Amino acid sequence: CGERDRVGGRLPADALFDVYGRAGIETSVMLRGVEGFGLEHHRRTDRLLSLSEDLPAVSVAVDARERIEAVLEEVTAIKRRGLITLERARLLSGEVAAVSLPEDLHEATKLTVYVERQERVGGAPAHVAICDLLQRRGIAGATAFLGVDGTVRGERQRGRFFSRNAAVPTMVIAVGAGERIAGVLPELAGLLRQPLITLERVRVCKRDGELLERPHALPSQDERGMGLWQKLMVYTSEAAKHGRRPVHAELIRRLRASGAAGATALRGVWGFHGDHRPHGDRMLQLRRHVPVVSIVVDTPERIAASFEIVDELTAERGLVTSEMVPAMAAMAEGERRGGLRLARHRF
């Protein structure tokens, strides 16, 4: 949603996280984007002062299916503009022993780890320790994002300006081969006090300029006539340029011009992809060298067209993944596409 949208005089993020807090949702986090557009194609960016007061915002909520479905009606009542997706994930928490991944997770797996901002491992912030471990174990890439609001084990943890915000969630997204992800899970969980981890199926399409696979060619509907959607995630660096623009900014510009349904770029604080060492903002640094992840959700047909733009802009660097989205609702003033009944499609 837009950070400054209003719902009954309130910010949508405040209303959403009040819902998550009342429902005791296991974990949720709000991330502030740096660039993006939605169904109305209104541009939001932090690079222009006139447009930086209404940045895109992304909220993620994770819990058992029945608990998520119980809050959907309230969430959709709040979100009258923007994009909502409902996605399946395997949830791991507590003590994580050796994991045998199901067949559909073996091609590649997206691993998401939720920790508190204050949590430390061996004197280092938890998100730094997580990225270091994943890079040593040959995972394709990982990016850490600091939340500005959220719930932790069902309790609301609001970020405040004059505060360390120690309990606000931090989210680390990583991508790698299924067997490598499975192998690192017990070690990863052993680093953390109360691990909360999700696993999802993805396809790695590009890595450091090399085209590995194109996104899956999905039908527009499943066998029951339910709509199918698709997501691209493009992992780059703020320092990576296409011409004079950062890659993520040029990607958002081109996708908007092409008529895509929407895209959002999120700035991380730490991360890596490929064989490059983990990196992020440091003191006395002249140029920002932080990871940026751009997210595009649309119909399979439009994603195939959008991938041509992504392919061109990641000719030399970056990590690109695709995945199926079983339910999506895109909303604008007087217009709505899709719905939130989960489709099912094996591929």
# chains A, B, ... in the order shown; residues from 1 in each chain; ligands from 1

call {"tool": "select_by_dssp", "arguments": {"residues": "stretch 220-319 of chain A", "states": "strand (DSSP E or B)", "output": "count of residues only"}}
result
35

call {"tool": "residues_around", "arguments": {"residues": "stretch 111-118 of chain A", "least_positions_apart": "5", "cutoff": "8 Å", "atoms": "only C-alpha atoms", "output": "JSON, numbers by chain"}}
result
{"A": [27, 125, 126, 127, 146, 152, 165, 166, 167, 168, 169, 170, 171, 172, 173, 174, 175, 181, 192, 195, 196, 197, 198, 199, 200]}

call {"tool": "closest_residue", "arguments": {"among": "A:Ile303, A:Ala265, A:Lys110, A:Val29", "to": "A:Arg214", "atoms": "only C-alpha atoms"}}
result
A:Ile303

call {"tool": "residues_around", "arguments": {"residues": "A:Leu211", "least_positions_apart": "5", "cutoff": "10 Å", "atoms": "only C-alpha atoms", "output": "list in words"}}
result
Val204, Cys205, Lys206, Asp311, Thr314, Ala315, Leu319 and Val320 of chain A

call {"tool": "residues_around", "arguments": {"residues": "A:Leu251", "least_positions_apart": "2", "cutoff": "8 Å", "atoms": "only C-alpha atoms", "output": "list of chain:residue names"}}
result
A:Val247, A:His248, A:Ala249, A:Arg253, A:Arg254, A:Leu255, A:Ile309, A:Val310, A:Leu313

call {"tool": "write_last_selection", "arguments": {"atoms": "N, CA, C and O atoms", "output": "compact mmCIF listing (two decimals), in the first residue's frame"}}
result
# COMPACT_ATOMS: atom_id res chain seq x y z
N VAL A 247 19.85 0.17 -11.10
CA VAL A 247 19.11 -0.86 -11.83
C VAL A 247 17.66 -0.93 -11.36
O VAL A 247 16.73 -1.02 -12.17
N HIS A 248 17.44 -0.87 -10.03
CA HIS A 248 16.07 -1.01 -9.53
C HIS A 248 15.19 0.15 -9.98
O HIS A 248 14.00 -0.03 -10.26
N ALA A 249 15.76 1.36 -10.06
CA ALA A 249 14.98 2.52 -10.48
C ALA A 249 14.61 2.42 -11.96
O ALA A 249 13.49 2.73 -12.37
N ARG A 253 10.84 2.05 -13.61
CA ARG A 253 10.44 2.97 -14.67
C ARG A 253 9.94 2.22 -15.90
O ARG A 253 8.89 2.53 -16.47
N ARG A 254 10.69 1.20 -16.32
CA ARG A 254 10.33 0.45 -17.52
C ARG A 254 9.06 -0.38 -17.32
O ARG A 254 8.22 -0.48 -18.21
N LEU A 255 8.93 -0.99 -16.16
CA LEU A 255 7.74 -1.79 -15.89
C LEU A 255 6.50 -0.90 -15.87
O LEU A 255 5.44 -1.28 -16.38
N ILE A 309 12.22 -7.40 -19.79
CA ILE A 309 12.81 -6.17 -19.25
C ILE A 309 13.83 -6.52 -18.18
O ILE A 309 14.96 -5.99 -18.15
N VAL A 310 13.46 -7.42 -17.26
CA VAL A 310 14.36 -7.84 -16.19
C VAL A 310 15.63 -8.46 -16.76
O VAL A 310 16.75 -8.17 -16.32
N LEU A 313 18.06 -5.81 -18.02
CA LEU A 313 18.67 -4.98 -16.98
C LEU A 313 19.58 -5.75 -16.04
O LEU A 313 20.30 -5.14 -15.25

call {"tool": "atom_distance", "arguments": {"atom1": "atom CA of A:Asp149", "atom2": "atom CA of A:Gly82"}}
result
18.5 Å

call {"tool": "residues_around", "arguments": {"residues": "A:Thr236", "least_positions_apart": "6", "cutoff": "6 Å", "atoms": "only C-alpha atoms", "output": "ChimeraX atom specification"}}
result
/A:291-292,318

call {"tool": "residues_around", "arguments": {"residues": "stretch 22-26 of chain A", "least_positions_apart": "2", "cutoff": "12 Å", "atoms": "only C-alpha atoms", "output": "count of residues only"}}
result
40

call {"tool": "select_by_dssp", "arguments": {"residues": "stretch 56-239 of chain A", "states": "helix (DSSP H, G or I)", "output": "PyMOL selection string"}}
result
chain A and resi 65-78+103-105+126-136+178-191

call {"tool": "residues_around", "arguments": {"residues": "A:Val297", "least_positions_apart": "6", "cutoff": "9 Å", "atoms": "only C-alpha atoms", "output": "ChimeraX atom specification"}}
result
/A:83,85,229-233,260-263,303,325,328

call {"tool": "atom_distance", "arguments": {"atom1": "atom CA of A:Pro326", "atom2": "atom CA of A:Leu340"}}
result
8.4 Å
